[in-house]
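S.K.: Just so it is clear, I am handing over input.txt, which has compact mmCIF, C-alpha atoms.
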```txt
# COMPACT_ATOMS: atom_id res chain seq x y z
CA MET A 1 -25.47 32.56 -24.71
CA GLY A 2 -22.67 31.26 -22.45
CA LYS A 3 -23.18 28.37 -20.05
CA ASN A 4 -23.13 29.15 -16.32
CA ILE A 5 -20.86 26.69 -14.47
CA PHE A 6 -21.00 26.68 -10.66
CA ILE A 7 -18.01 25.29 -8.75
CA PRO A 8 -17.84 24.84 -4.96
CA GLY A 9 -14.38 25.81 -3.72
CA LEU A 10 -13.37 27.54 -6.96
CA ASP A 11 -9.95 29.10 -6.28
CA ASP A 12 -7.91 31.59 -8.29
CA PHE A 13 -5.20 29.10 -9.29
CA ASN A 14 -7.65 26.64 -10.83
CA LEU A 15 -9.86 29.40 -12.21
CA SER A 16 -6.89 30.49 -14.32
CA LYS A 17 -6.63 26.89 -15.63
CA LEU A 18 -10.32 26.86 -16.50
CA GLN A 19 -10.15 30.22 -18.23
CA ALA A 20 -7.23 28.95 -20.32
CA LEU A 21 -9.32 26.14 -21.82
CA PRO A 22 -9.96 26.55 -25.57
CA GLU A 23 -13.71 26.42 -24.96
CA ALA A 24 -13.65 28.80 -21.97
CA SER A 25 -15.26 31.62 -23.96
CA ASP A 26 -18.44 29.54 -24.01
CA TYR A 27 -18.61 29.45 -20.19
CA THR A 28 -18.97 31.73 -17.21
CA PHE A 29 -17.48 30.24 -14.07
CA HIS A 30 -19.10 31.04 -10.72
CA GLN A 31 -17.62 30.38 -7.29
CA LEU A 32 -20.42 28.64 -5.42
CA LEU A 33 -18.53 28.48 -2.13
CA SER A 34 -15.10 29.85 -1.29
CA LEU A 35 -12.51 27.60 0.30
CA ARG A 36 -12.86 29.73 3.43
CA GLU A 37 -16.62 29.10 3.50
CA LEU A 38 -15.98 25.38 3.22
CA GLN A 39 -13.59 25.23 6.19
CA PRO A 40 -16.20 25.06 8.99
CA VAL A 41 -18.48 22.72 7.07
CA ASP A 42 -16.85 19.49 8.19
CA LYS A 43 -16.77 20.45 11.86
CA ASP A 44 -20.44 20.85 12.68
CA PRO A 45 -23.45 18.88 11.35
CA LYS A 46 -25.55 22.02 11.65
CA ALA A 47 -23.04 23.91 9.51
CA ILE A 48 -23.42 21.59 6.53
CA LYS A 49 -27.20 21.84 6.64
CA HIS A 50 -27.02 25.62 6.89
CA VAL A 51 -24.46 25.89 4.08
CA LEU A 52 -26.41 23.59 1.76
CA HIS A 53 -29.62 25.55 2.33
CA ALA A 54 -27.76 28.82 1.76
CA VAL A 55 -26.24 27.48 -1.47
CA GLU A 56 -29.62 26.29 -2.71
CA ASP A 57 -31.11 29.73 -1.97
CA ARG A 58 -28.18 31.37 -3.79
CA LEU A 59 -28.69 29.19 -6.83
CA ARG A 60 -32.47 29.73 -6.93
CA ALA A 61 -31.92 33.48 -6.75
CA PHE A 62 -29.48 33.42 -9.67
CA PRO A 63 -31.04 35.40 -12.54
CA GLY A 64 -29.60 33.26 -15.35
CA SER A 65 -29.58 29.58 -16.26
CA ILE A 66 -27.90 27.03 -13.98
CA ASP A 67 -26.22 24.78 -16.51
CA ALA A 68 -23.81 22.70 -14.44
CA ILE A 69 -22.51 22.18 -10.91
CA VAL A 70 -19.09 20.50 -10.89
CA GLY A 71 -16.15 20.09 -8.51
CA TYR A 72 -12.52 19.08 -8.49
CA TRP A 73 -11.87 19.02 -4.72
CA ASP A 74 -12.04 16.02 -2.46
CA TYR A 75 -14.48 15.70 0.44
CA PRO A 76 -16.63 17.58 1.25
CA VAL A 77 -16.97 19.06 -2.27
CA SER A 78 -16.96 15.63 -3.96
CA THR A 79 -20.02 14.63 -1.91
CA MET A 80 -21.81 17.99 -2.03
CA VAL A 81 -21.82 18.21 -5.84
CA PRO A 82 -24.08 15.19 -6.53
CA LEU A 83 -26.44 16.26 -3.75
CA LEU A 84 -26.80 19.75 -5.25
CA CYS A 85 -27.13 18.36 -8.77
CA ARG A 86 -29.92 16.10 -7.57
CA GLN A 87 -31.72 19.12 -6.12
CA PHE A 88 -31.48 21.04 -9.40
CA GLY A 89 -31.96 18.22 -11.90
CA LEU A 90 -28.44 18.43 -13.32
CA PRO A 91 -26.25 15.59 -14.64
CA ALA A 92 -24.14 13.94 -11.93
CA ALA A 93 -23.35 10.54 -10.49
CA PRO A 94 -26.05 9.08 -8.23
CA LEU A 95 -25.32 10.18 -4.67
CA ARG A 96 -25.51 6.61 -3.38
CA SER A 97 -22.77 5.45 -5.78
CA VAL A 98 -20.59 8.38 -4.69
CA MET A 99 -21.03 7.55 -1.02
CA ALA A 100 -20.27 3.88 -1.71
CA CYS A 101 -16.90 4.97 -3.12
CA GLU A 102 -16.11 7.73 -0.61
CA HIS A 103 -16.88 5.59 2.47
CA LYS A 104 -13.63 3.62 2.76
CA TYR A 105 -15.15 0.56 4.44
CA TRP A 106 -18.24 0.42 2.20
CA SER A 107 -15.94 0.83 -0.80
CA ARG A 108 -13.76 -2.10 0.27
CA VAL A 109 -16.84 -4.31 0.71
CA GLU A 110 -17.98 -3.45 -2.83
CA GLN A 111 -14.48 -4.03 -4.23
CA GLN A 112 -14.30 -7.41 -2.49
CA GLU A 113 -17.39 -8.50 -4.46
CA VAL A 114 -16.00 -7.87 -7.98
CA ILE A 115 -12.20 -7.41 -7.85
CA PRO A 116 -11.15 -9.35 -4.72
CA GLU A 117 -7.67 -9.91 -6.13
CA CYS A 118 -7.02 -6.15 -5.77
CA VAL A 119 -8.20 -5.82 -2.15
CA PRO A 120 -5.95 -6.10 0.95
CA PRO A 121 -7.30 -7.50 4.24
CA PHE A 122 -9.36 -4.90 6.09
CA GLN A 123 -11.72 -4.35 9.01
CA SER A 124 -13.65 -1.53 10.61
CA VAL A 125 -12.43 0.02 13.88
CA ASP A 126 -14.41 2.07 16.40
CA PRO A 127 -11.80 4.49 17.80
CA PHE A 128 -14.03 5.24 20.80
CA ASP A 129 -14.21 1.59 21.81
CA ASP A 130 -11.74 1.03 24.66
CA ALA A 131 -11.56 -2.63 23.64
CA ALA A 132 -10.80 -1.85 19.97
CA LEU A 133 -7.26 -3.21 20.18
CA ASP A 134 -8.49 -6.57 21.49
CA LYS A 135 -10.80 -6.85 18.46
CA MET A 136 -8.07 -6.35 15.87
CA GLU A 137 -7.74 -9.29 13.46
CA LEU A 138 -5.01 -7.86 11.22
CA ASP A 139 -1.35 -8.61 11.80
CA TYR A 140 1.14 -5.76 12.18
CA PRO A 141 1.97 -3.64 10.32
CA PHE A 142 -1.25 -2.08 8.97
CA TRP A 143 -2.66 1.33 8.12
CA LEU A 144 -5.30 2.95 10.28
CA LYS A 145 -7.31 5.85 8.86
CA PRO A 146 -10.76 7.42 9.16
CA ILE A 147 -13.66 6.11 7.12
CA LYS A 148 -13.55 9.51 5.44
CA ALA A 149 -10.87 12.19 5.58
CA HIS A 150 -8.61 13.79 2.99
CA SER A 151 -4.94 14.58 2.29
CA SER A 152 -3.86 11.59 4.43
CA GLN A 153 -4.99 13.36 7.60
CA LEU A 154 -5.29 11.13 10.69
CA GLY A 155 -3.71 8.26 8.77
CA PHE A 156 -1.18 6.24 10.76
CA LYS A 157 1.05 3.25 10.10
CA ILE A 158 0.54 0.89 13.03
CA GLU A 159 3.41 -1.45 13.87
CA SER A 160 2.70 -2.26 17.51
CA ASP A 161 0.12 -2.11 20.30
CA GLN A 162 1.76 1.11 21.44
CA ASP A 163 1.37 2.69 17.98
CA PHE A 164 -2.32 1.76 18.03
CA ARG A 165 -2.90 3.30 21.45
CA GLU A 166 -0.98 6.48 20.57
CA SER A 167 -2.97 6.95 17.36
CA MET A 168 -6.25 6.92 19.27
CA LYS A 169 -5.72 10.30 20.93
CA PRO A 170 -5.48 12.46 17.77
CA ILE A 171 -8.11 10.36 16.00
CA ARG A 172 -10.60 10.74 18.85
CA GLN A 173 -9.83 14.43 19.04
CA ASP A 174 -10.24 15.27 15.35
CA ILE A 175 -12.28 12.60 13.58
CA GLY A 176 -15.48 14.47 14.38
CA HIS A 177 -14.33 17.23 12.02
CA PHE A 178 -14.77 14.81 9.13
CA ALA A 179 -17.61 12.71 10.52
CA ALA A 180 -20.20 15.47 10.88
CA ILE A 181 -20.80 16.27 7.22
CA PHE A 182 -20.23 12.68 6.15
CA ASN A 183 -22.89 11.33 8.49
CA HIS A 184 -25.33 13.99 7.27
CA LEU A 185 -24.71 12.86 3.69
CA LEU A 186 -25.06 9.18 4.63
CA GLU A 187 -28.56 10.04 5.85
CA GLN A 188 -29.46 11.05 2.28
CA VAL A 189 -28.94 7.56 0.78
CA GLU A 190 -29.93 3.96 1.37
CA VAL A 191 -27.00 2.32 3.15
CA PRO A 192 -26.76 -1.51 3.21
CA PRO A 193 -27.58 -2.95 6.66
CA LYS A 194 -24.08 -4.44 7.06
CA ILE A 195 -22.52 -1.02 6.39
CA ARG A 196 -24.95 1.17 8.37
CA PRO A 197 -23.31 0.76 11.83
CA VAL A 198 -19.95 1.91 10.43
CA ASP A 199 -20.50 5.65 10.15
CA GLY A 200 -18.13 8.60 9.70
CA GLY A 201 -16.87 8.28 13.27
CA TYR A 202 -15.23 4.94 12.48
CA CYS A 203 -11.82 4.06 11.08
CA ILE A 204 -10.69 1.34 8.72
CA ALA A 205 -7.63 -0.82 9.26
CA GLU A 206 -6.02 -2.15 6.08
CA GLY A 207 -3.14 -4.46 5.36
CA ILE A 208 -0.01 -2.80 3.98
CA ILE A 209 0.16 -2.75 0.19
CA SER A 210 3.11 -1.58 -1.85
CA GLY A 211 4.60 -1.35 -5.29
CA ARG A 212 4.67 1.29 -7.97
CA GLN A 213 1.87 3.74 -7.24
CA CYS A 214 -0.20 5.16 -10.04
CA THR A 215 -3.60 6.75 -10.66
CA VAL A 216 -6.00 6.03 -13.51
CA GLU A 217 -8.47 8.72 -14.56
CA GLY A 218 -11.74 7.92 -16.29
CA PHE A 219 -15.45 8.59 -16.52
CA ILE A 220 -18.76 6.87 -17.12
CA PHE A 221 -21.23 8.39 -19.56
CA ASP A 222 -24.65 6.81 -20.09
CA GLY A 223 -23.44 3.59 -18.49
CA GLU A 224 -20.29 3.27 -20.62
CA ALA A 225 -17.01 3.39 -18.69
CA GLN A 226 -13.84 4.78 -20.25
CA THR A 227 -10.36 5.57 -18.94
CA TYR A 228 -8.10 8.15 -20.54
CA GLY A 229 -4.77 8.18 -18.74
CA VAL A 230 -2.53 6.56 -16.10
CA ILE A 231 -0.27 8.83 -14.02
CA ASP A 232 2.72 7.71 -11.95
CA SER A 233 2.66 8.85 -8.29
CA ILE A 234 6.29 8.90 -7.19
CA ARG A 235 7.16 9.23 -3.50
CA GLU A 236 10.19 10.72 -1.84
CA PRO A 237 12.78 7.99 -1.09
CA GLY A 238 12.01 6.39 2.28
CA SER A 239 8.94 8.57 2.78
CA SER A 240 5.16 8.41 2.44
CA SER A 241 5.11 11.91 0.92
CA PHE A 242 4.78 12.41 -2.82
CA ALA A 243 7.75 13.82 -4.72
CA ARG A 244 5.88 14.23 -8.00
CA PHE A 245 3.09 13.09 -10.30
CA GLN A 246 4.27 12.20 -13.82
CA TYR A 247 2.28 11.55 -17.00
CA PRO A 248 2.16 9.33 -18.94
CA SER A 249 2.95 6.41 -16.66
CA SER A 250 6.02 4.33 -17.48
CA LEU A 251 4.13 1.11 -16.66
CA ASN A 252 3.83 -1.25 -19.62
CA ASP A 253 0.64 -1.38 -21.68
CA PRO A 254 -0.63 -4.78 -20.41
CA VAL A 255 -0.49 -3.52 -16.81
CA LYS A 256 -2.24 -0.28 -17.77
CA GLU A 257 -4.95 -2.34 -19.46
CA ARG A 258 -5.45 -4.40 -16.30
CA ILE A 259 -5.70 -1.19 -14.27
CA ALA A 260 -8.29 0.21 -16.68
CA ALA A 261 -10.31 -3.03 -16.59
CA ALA A 262 -10.36 -3.14 -12.77
CA ALA A 263 -11.37 0.53 -12.59
CA LYS A 264 -14.24 0.09 -15.05
CA LYS A 265 -15.43 -3.05 -13.24
CA ILE A 266 -15.72 -1.49 -9.78
CA MET A 267 -17.21 1.82 -10.94
CA THR A 268 -19.85 0.04 -13.00
CA HIS A 269 -20.59 -2.30 -10.09
CA VAL A 270 -21.41 0.55 -7.66
CA GLY A 271 -23.73 2.21 -10.19
CA TYR A 272 -21.55 5.23 -10.85
CA ASP A 273 -22.58 7.14 -13.98
CA ASN A 274 -22.33 10.48 -15.80
CA ALA A 275 -19.29 11.69 -13.89
CA ALA A 276 -15.51 11.48 -13.77
CA PHE A 277 -13.38 9.49 -11.32
CA ASN A 278 -9.78 8.70 -10.51
CA ILE A 279 -8.56 5.54 -8.77
CA GLU A 280 -5.20 5.01 -7.10
CA PHE A 281 -3.46 1.64 -7.51
CA PHE A 282 -0.22 -0.07 -6.55
CA TYR A 283 1.45 -2.46 -8.97
CA ASP A 284 3.63 -5.04 -7.20
CA GLU A 285 6.08 -6.03 -9.94
CA SER A 286 7.59 -8.95 -8.02
CA ALA A 287 4.20 -10.63 -7.62
CA ASP A 288 2.67 -9.15 -10.82
CA ARG A 289 -0.28 -8.04 -8.68
CA LEU A 290 -2.50 -4.97 -8.65
CA TRP A 291 -3.75 -3.44 -5.39
CA LEU A 292 -6.51 -0.83 -5.31
CA LEU A 293 -5.68 1.92 -2.86
CA GLU A 294 -8.52 4.45 -3.09
CA ILE A 295 -11.37 5.66 -5.28
CA ASN A 296 -11.91 9.40 -5.78
CA THR A 297 -15.22 10.55 -7.26
CA ARG A 298 -13.89 13.55 -9.20
CA VAL A 299 -11.23 14.57 -11.64
CA SER A 300 -7.88 15.30 -10.03
CA GLN A 301 -7.01 18.99 -10.23
CA SER A 302 -3.44 17.85 -9.52
CA HIS A 303 -3.39 16.22 -12.96
CA SER A 304 -5.04 18.96 -15.04
CA TYR A 305 -1.73 20.55 -16.07
CA LEU A 306 -0.31 17.13 -17.00
CA PHE A 307 -3.15 16.22 -19.36
CA ASP A 308 -3.09 19.68 -20.92
CA LYS A 309 0.64 19.54 -21.71
CA VAL A 310 0.66 15.94 -23.02
CA ASP A 311 -2.81 15.47 -24.54
CA GLY A 312 -3.62 19.07 -25.44
CA LYS A 313 -6.75 18.98 -23.30
CA SER A 314 -7.07 19.30 -19.54
CA ASN A 315 -9.21 16.86 -17.59
CA PHE A 316 -11.19 19.95 -16.59
CA SER A 317 -12.67 19.79 -20.12
CA ILE A 318 -13.91 16.27 -19.34
CA MET A 319 -15.39 17.49 -16.04
CA LEU A 320 -17.25 20.30 -17.82
CA ASP A 321 -18.54 18.09 -20.65
CA LEU A 322 -19.97 15.60 -18.15
CA GLY A 323 -21.47 18.37 -16.02
CA LEU A 324 -23.28 19.64 -19.10
CA GLY A 325 -24.52 16.16 -20.03
CA ARG A 326 -22.16 15.69 -22.99
CA ARG A 327 -19.90 12.77 -23.91
CA PRO A 328 -16.28 13.96 -23.52
CA ALA A 329 -14.07 13.91 -26.61
CA LEU A 330 -10.52 12.73 -25.93
CA THR A 331 -7.34 13.89 -27.70
CA PRO A 332 -4.49 11.60 -26.57
CA GLY A 333 -0.97 12.75 -27.40
CA GLN A 334 -2.01 16.06 -28.97
CA GLY A 335 -0.15 18.29 -26.49
CA THR A 336 3.10 20.23 -26.77
CA TYR A 337 5.18 17.85 -24.64
CA ARG A 338 5.70 14.11 -24.51
CA CYS A 339 5.60 14.05 -20.70
CA ALA A 340 4.77 16.36 -17.82
CA GLY A 341 5.29 16.43 -14.07
CA LYS A 342 3.88 18.08 -10.98
CA PHE A 343 6.59 18.36 -8.32
CA PHE A 344 6.10 19.05 -4.60
CA LEU A 345 8.51 21.17 -2.61
CA ARG A 346 8.27 20.03 1.02
CA LYS A 347 9.68 20.58 4.49
CA TYR A 348 9.62 17.79 7.05
CA GLU A 349 10.08 19.76 10.28
CA ASP A 350 7.78 22.40 11.75
CA ALA A 351 8.99 25.99 11.39
CA LEU A 352 7.82 29.56 10.99
CA VAL A 353 7.96 30.76 7.37
CA LYS A 354 10.19 33.83 7.18
CA THR A 355 10.18 34.53 3.43
CA VAL A 356 8.70 32.98 0.29
CA PRO A 357 9.84 33.32 -3.35
CA SER A 358 9.70 36.91 -4.58
CA GLU A 359 7.92 38.14 -7.70
CA GLU A 360 11.33 38.66 -9.28
CA GLU A 361 12.27 35.02 -8.63
CA LEU A 362 9.01 33.85 -10.18
CA ARG A 363 9.52 36.09 -13.23
CA ARG A 364 13.04 34.71 -13.66
CA LEU A 365 11.74 31.15 -13.45
CA HIS A 366 9.00 31.76 -16.04
CA ALA A 367 11.49 33.49 -18.35
CA GLU A 368 13.65 30.36 -18.28
CA PHE A 369 10.74 27.88 -18.42
CA PRO A 370 7.72 29.55 -20.09
CA GLU A 371 5.56 26.45 -19.74
CA ALA A 372 6.06 26.25 -15.96
CA ALA A 373 3.24 26.79 -13.48
CA VAL A 374 4.14 27.47 -9.84
CA LYS A 375 1.80 27.56 -6.88
CA VAL A 376 3.32 28.77 -3.60
CA SER A 377 1.33 27.11 -0.80
CA VAL A 378 2.53 29.13 2.20
CA GLU A 379 2.83 32.78 3.21
CA ALA A 380 5.45 34.61 5.24
CA GLY A 381 4.54 34.50 8.93
CA THR A 382 2.81 31.11 8.68
CA ARG A 383 3.67 28.32 11.10
CA LEU A 384 3.78 25.11 9.09
CA SER A 385 2.02 23.01 11.71
CA GLU A 386 -0.98 25.37 11.52
CA LEU A 387 -1.50 24.93 7.77
CA PRO A 388 -4.89 23.38 6.89
CA THR A 389 -5.33 20.07 5.04
CA GLN A 390 -1.73 18.90 5.37
CA GLU A 391 -0.75 15.25 5.43
CA SER A 392 0.66 13.64 8.56
CA TYR A 393 4.30 13.43 7.46
CA SER A 394 5.36 16.69 5.77
CA TYR A 395 4.40 20.28 4.94
CA GLU A 396 3.89 21.39 1.34
CA LEU A 397 5.65 24.64 0.44
CA ALA A 398 4.99 24.82 -3.29
CA GLU A 399 3.93 22.94 -6.41
CA ILE A 400 6.03 23.19 -9.57
CA MET A 401 4.51 21.97 -12.87
CA LEU A 402 6.69 21.38 -15.92
CA GLY A 403 6.62 19.80 -19.37
CA GLY A 404 9.45 17.98 -21.12
CA GLU A 405 10.46 15.54 -23.81
CA ASN A 406 11.39 12.85 -21.31
CA GLU A 407 11.85 12.15 -17.61
CA ALA A 408 15.49 13.23 -17.58
CA GLU A 409 14.58 16.65 -18.94
CA LEU A 410 11.76 17.00 -16.41
CA LEU A 411 14.07 16.23 -13.50
CA HIS A 412 16.72 18.64 -14.78
CA LYS A 413 14.16 21.44 -15.12
CA HIS A 414 12.85 20.73 -11.64
CA GLU A 415 16.28 20.98 -10.04
CA ARG A 416 16.83 24.31 -11.75
CA CYS A 417 13.46 25.59 -10.52
CA ARG A 418 14.34 24.62 -6.94
CA GLU A 419 17.51 26.70 -7.25
CA LEU A 420 15.48 29.71 -8.40
CA LEU A 421 12.89 29.59 -5.57
CA THR A 422 13.96 30.73 -2.10
CA PHE A 423 12.16 29.92 1.14
CA THR A 424 13.61 30.88 4.53
CA PHE A 425 12.45 29.78 7.98
CA VAL A 426 12.77 30.43 11.68
CA GLU A 427 13.26 26.91 13.02
```
Reformat the file's structure so that it appears as structure tokens.
M.R.:
Amino acid sequence: MGKNIFIPGLDDFNLSKLQALPEASDYTFHQLLSLRELQPVDKDPKAIKHVLHAVEDRLRAFPGSIDAIVGYWDYPVSTMVPLLCRQFGLPAAPLRSVMACEHKYWSRVEQQEVIPECVPPFQSVDPFDDAALDKMELDYPFWLKPIKAHSSQLGFKIESDQDFRESMKPIRQDIGHFAAIFNHLLEQVEVPPKIRPVDGGYCIAEGIISGRQCTVEGFIFDGEAQTYGVIDSIREPGSSSFARFQYPSSLNDPVKERIAAAAKKIMTHVGYDNAAFNIEFFYDESADRLWLLEINTRVSQSHSYLFDKVDGKSNFSIMLDLGLGRRPALTPGQGTYRCAGKFFLRKYEDALVKTVPSEEELRRLHAEFPEAAVKVSVEAGTRLSELPTQESYSYELAEIMLGGENEAELLHKHERCRELLTFTFVE
């Protein structure tokens, strides 16, 4: 009898990845909430309570077995999954450990206790406090971002008093969209007294960190932490926007080992268990120093293609094994390609999308590069500034995923794919 796997936010693009897994015939995948159903959740505290009750009723009414509830999206899915698993007695990380990682200020406090060498200076900021600027202890420049958001939304680089004041207007206007569900979830766990006043309506200010950015993926099963890959996160020149993710990382092995050790140390410290994670780091080569950027309590769906092509097994397999209470089996280097990349096609100015790549263009691309996966992120008639979940600095038009024998081949393939895909705009 097949296992029933429930996934909040299951979308067609990632469903196709799941169905392509070698073990997929053993599973039936169920969309627990659509992405459209999730959109209003983070805007109204009543909405999250209503949605959670509706989901619980839906699950209890399901005629078959409920074998796993898993997720690959960021907040709010990453925080809803452990709450639902707790309700239905399914394997998942303890909700408190998830919240300790997802809450940016709480996470920094925990990191400071066990890996202080990886933590930049930081402080909490109440954006609704008119005297907030006078209370700033960090020197310019610094980053200012909500305690919890996603896709770099409402994140600003602050280089002056004027920058700080100008950032307050959009933050005050939109931070409530993220705070509502997060505060409801904070109510479900025991929050340390020194953290409790800093709720989802707050921001965190952090010193600027830099270097070569990378992400380590791993999991903890029955208290034992393990990492299984480091991915390079390469930005556009002179920009905060990502150009591509590339696996495996070109960092040397000693640095990768330090990254893995730091990741295991912090995740064990917060009591995380029986779930996957990914952690973003910077490696400052000139100072030989690691900086921890952010902890994500989920696998990265952005990396699933990369692991599949290089290791022969997607990280979705790891997510499913953990959701079913099984120790994941790893297969490093067993894929078809020696490296793989996920490239982002972006536009930096607002515009109205006139046309997107045609089916014929996509067929031509796949005929030339059979291993390629392309996800077009916009539709004709869309105004870029109205797209949901976009970062502050650019608009994503498409994702192009490719495998190759080396970086040079990847870059060559990517340039050819860009030539084959046509977007037009009304500026």
S.K.: As a list in words, please: the residues near Arg165 of chain A (cut-off 10 Å, only C-alpha atoms, same-chain neighbours under 5 positions excluded).
M.R.: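 My list of contacting residues is Pro127, Asp130, Ala132, Leu133, Ile158 and Ser160 of chain A.
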S.K.: Measuring between all atoms listed in the file, which one of A:Glu409, A:Glu236, A:Asp288, A:Asp67 shows the shortest distance to Asp26 of chain A?
M.R.: A:Asp67
S.K.: Measuring between only C-alpha atoms, which one of A:Arg258, A:Gly155, A:Lys104, A:Thr297 shows the shortest distance to Thr79 of chain A?
M.R.: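 Looking at the shortest contact to Thr79 of chain A, the residue is A:Thr297.
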S.K.: Residues at most 8 Å from segment 312-315 of chain A, counting all atoms listed in the file, excluding those fewer than 5 positions away in the same chain, as a list of chain:residue names?
M.R.: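 Listing them by chain and then by number gives A:Leu21, A:Val299, A:Ser300, A:Gln301, A:His303, A:Ser304, A:Tyr305, A:Leu306, A:Phe307, A:Leu330, A:Thr331, A:Pro332, A:Gly333, A:Gln334, A:Gly335, A:Thr336.
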S.K.: As a list in words, please: the residues near Ser249 of chain A (cut-off 7 Å, only C-alpha atoms, same-chain neighbours under 2 positions excluded).
M.R.: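 Result of the neighbour search: Val230, Ile231, Asp232, Gln246, Tyr247 and Leu251 of chain A.
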S.K.: Near segment 1-12 of chain A, within 12 Å and counting only C-alpha atoms, which residues show up once chain neighbours fewer than 6 positions away are dropped, as a PyMOL selection string?
M.R.: chain A and resi 18-19+23-39+41+51-52+55-56+58-59+62-82+84-85+88+90+301+316+319-324+375
S.K.: How far is it from atom CA of Gly381 of chain A to atom CA of Gly176 of chain A, in Å with one decimal?
M.R.: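 It comes out at 28.8 Å.
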S.K.: Between A:Arg298, A:Pro116, A:Arg212, A:Ala372, which has the minimum distance to Ser286 of chain A (counting all atoms listed in the file)?
M.R.: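 Among the listed residues, the smallest separation from Ser286 of chain A belongs to A:Arg212.
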S.K.: Is it possible to get the residues within 7 Å of (-11.2, 15.3, 7.0) (coordinates as in the file, counting all atoms listed in the file) written as a PyMOL selection string?
M.R.: chain A and resi 148-150+153+177-178
S.K.: Between A:Val109, A:Ala351, A:Ala373, A:Ala275, which residue has the minimum interatomic distance to Leu387 of chain A, considering all atoms listed in the file?
M.R.: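 Of A:Val109, A:Ala351, A:Ala373, A:Ala275, the one nearest Leu387 of chain A is A:Ala351, counting all atoms listed in the file.
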S.K.: Check the smallest atom-to-atom distance from each of A:Pro192, A:Pro120, A:Gly211, A:Pro197 to Phe142 of chain A using all atoms listed in the file, then report the winner.
M.R.: A:Pro120
